[in-house]
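Novice: Questions regarding the structure given below will be posed in turn.
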Amino acid sequence: MPPRPAAPSLFSEAPTSKPATSDWIDAHCDGGARGNPGPAGYGALIQDHQGMVLAELSEFLGMRTNNYAEYSGLLGCLQYALDHHHPRLRVVSDSELMVKQIQGKYQVKSPDLKPLYEEAKRRIAKLEAFEISHALRHKNKDADRLANEAMDRGMKRPHAPGQPAPPPLKATPYPTKSETPPQPGAPQPAFADVGRTTTAPSKADTMLRGFTKDGVVHILGNTILPDGIFVKIIRE
């Protein structure tokens, strides 16, 4: 298997030189976030028309949403095709939302996803041919593995047994507003700037967000709760 190339930038420019081949290449991509938003990453396996592996892409994205990570995987595949002069690209993803948005079957209503969608369409327009299809997760195992490897690296999770787990990589939470419109009367999530220690919220019903790692709840924004506070944990 060839060495893994560096993951392309989401918004890097494609080269303008003529393509070296007109054969189709196939890409399986996946993205995920542990917490949504939480530590996120994407992975992609790219093969030529004969099934030979051309590249494995795997990138940590910081604190992002699942949908952001899914779109990042697609953008990574598109940029790889453009950078390496492959004008025909087929993409398989287990994100039904993203696939149907790219196919034009679903509208892109999230203001956080629209820039990624528009960038994806811009790159697709530079290809001679493009196809995207949806597959269940069990048929996307390699991309899922690469996405999880990216999240593990970003969280600095040790692989050897018995090693202490260092704290996860700090990143600015994303997005600052929930993608799902809050229901009337529902408590609002509180996002604090990472790196700045804040005191407990003044209202008892204020919602904080966090993620679990090794059985410990890590609150986003480094908010400190005084001793004796009772909390209610709801799995997202």
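How things are named: the first chain in the structure tokens is A, the next is B, and so on; residues count from 1 in each chain; ligands count from 1 in the order shown.
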Go through stretch 25-117 of chain A and collect every residue that DSSP, computed from the backbone, puts in helix (DSSP H, G or I); the answer should be as a PyMOL selection string.
Specialist: chain A and resi 66-83+96-102+114-117
Novice: Could you give me, as a PyMOL selection string, the residues within 7 Å of A:Asn36, counting only C-alpha atoms and dropping anything in the same chain fewer than 6 positions from it?
Specialist: chain A and resi 64-66
Novice: When you count only C-alpha atoms, which of these residues is closest to A:Gly31: A:Val92, A:Ile219, A:Val53, A:Ala44?
Specialist: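 Closest candidate: A:Ala44.
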Novice: Would you kindly return, as an mmCIF file with all heavy atoms, in the first residue's frame, each protein, DNA or RNA residue with an atom no farther than 9 Å from any atom of A:Ala150, considering only C-alpha atoms and excluding same-chain residues fewer than 6 positions away?
Specialist:
data_model
loop_
_atom_site.group_PDB
_atom_site.id
_atom_site.type_symbol
_atom_site.label_atom_id
_atom_site.label_comp_id
_atom_site.auth_asym_id
_atom_site.auth_seq_id
_atom_site.Cartn_x
_atom_site.Cartn_y
_atom_site.Cartn_z
ATOM 1 N N ALA A 40 -13.963 15.764 16.053
ATOM 2 C CA ALA A 40 -14.453 15.263 14.768
ATOM 3 C C ALA A 40 -13.308 14.942 13.828
ATOM 4 O O ALA A 40 -12.202 15.468 13.950
ATOM 5 C CB ALA A 40 -15.387 16.290 14.122
ATOM 6 N N GLY A 41 -13.592 14.083 12.855
ATOM 7 C CA GLY A 41 -12.602 13.740 11.839
ATOM 8 C C GLY A 41 -13.268 13.099 10.650
ATOM 9 O O GLY A 41 -14.436 12.687 10.708
ATOM 10 N N TYR A 42 -12.546 13.032 9.553
ATOM 11 C CA TYR A 42 -13.058 12.327 8.380
ATOM 12 C C TYR A 42 -11.999 11.367 7.859
ATOM 13 O O TYR A 42 -10.803 11.508 8.146
ATOM 14 C CB TYR A 42 -13.504 13.291 7.280
ATOM 15 C CG TYR A 42 -12.396 13.864 6.416
ATOM 16 C CD1 TYR A 42 -11.876 13.145 5.340
ATOM 17 C CD2 TYR A 42 -11.892 15.140 6.645
ATOM 18 C CE1 TYR A 42 -10.870 13.661 4.538
ATOM 19 C CE2 TYR A 42 -10.895 15.665 5.846
ATOM 20 C CZ TYR A 42 -10.394 14.920 4.796
ATOM 21 O OH TYR A 42 -9.400 15.443 4.003
ATOM 22 N N GLY A 43 -12.465 10.392 7.107
ATOM 23 C CA GLY A 43 -11.569 9.438 6.465
ATOM 24 C C GLY A 43 -12.080 9.100 5.083
ATOM 25 O O GLY A 43 -13.283 9.189 4.811
ATOM 26 N N SER A 58 -7.124 10.941 6.051
ATOM 27 C CA SER A 58 -7.572 10.877 7.441
ATOM 28 C C SER A 58 -7.172 12.184 8.118
ATOM 29 O O SER A 58 -5.992 12.482 8.230
ATOM 30 C CB SER A 58 -6.925 9.681 8.148
ATOM 31 O OG SER A 58 -7.361 9.560 9.478
ATOM 32 N N GLU A 59 -8.162 12.973 8.548
ATOM 33 C CA GLU A 59 -7.856 14.297 9.092
ATOM 34 C C GLU A 59 -8.733 14.611 10.297
ATOM 35 O O GLU A 59 -9.948 14.396 10.267
ATOM 36 C CB GLU A 59 -8.062 15.372 8.028
ATOM 37 C CG GLU A 59 -7.693 16.773 8.516
ATOM 38 C CD GLU A 59 -7.862 17.837 7.444
ATOM 39 O OE1 GLU A 59 -8.337 17.512 6.343
ATOM 40 O OE2 GLU A 59 -7.513 18.993 7.715
ATOM 41 N N PHE A 60 -8.094 15.133 11.360
ATOM 42 C CA PHE A 60 -8.819 15.618 12.528
ATOM 43 C C PHE A 60 -9.288 17.035 12.249
ATOM 44 O O PHE A 60 -8.547 17.852 11.698
ATOM 45 C CB PHE A 60 -7.909 15.591 13.758
ATOM 46 C CG PHE A 60 -8.559 16.106 15.013
ATOM 47 C CD1 PHE A 60 -9.645 15.453 15.569
ATOM 48 C CD2 PHE A 60 -8.084 17.254 15.641
ATOM 49 C CE1 PHE A 60 -10.247 15.931 16.715
ATOM 50 C CE2 PHE A 60 -8.673 17.733 16.792
ATOM 51 C CZ PHE A 60 -9.765 17.066 17.335
ATOM 52 N N LEU A 61 -10.521 17.353 12.648
ATOM 53 C CA LEU A 61 -11.140 18.634 12.289
ATOM 54 C C LEU A 61 -11.393 19.547 13.472
ATOM 55 O O LEU A 61 -11.923 20.643 13.289
ATOM 56 C CB LEU A 61 -12.478 18.362 11.570
ATOM 57 C CG LEU A 61 -12.389 17.541 10.291
ATOM 58 C CD1 LEU A 61 -13.777 17.103 9.844
ATOM 59 C CD2 LEU A 61 -11.678 18.314 9.191
#
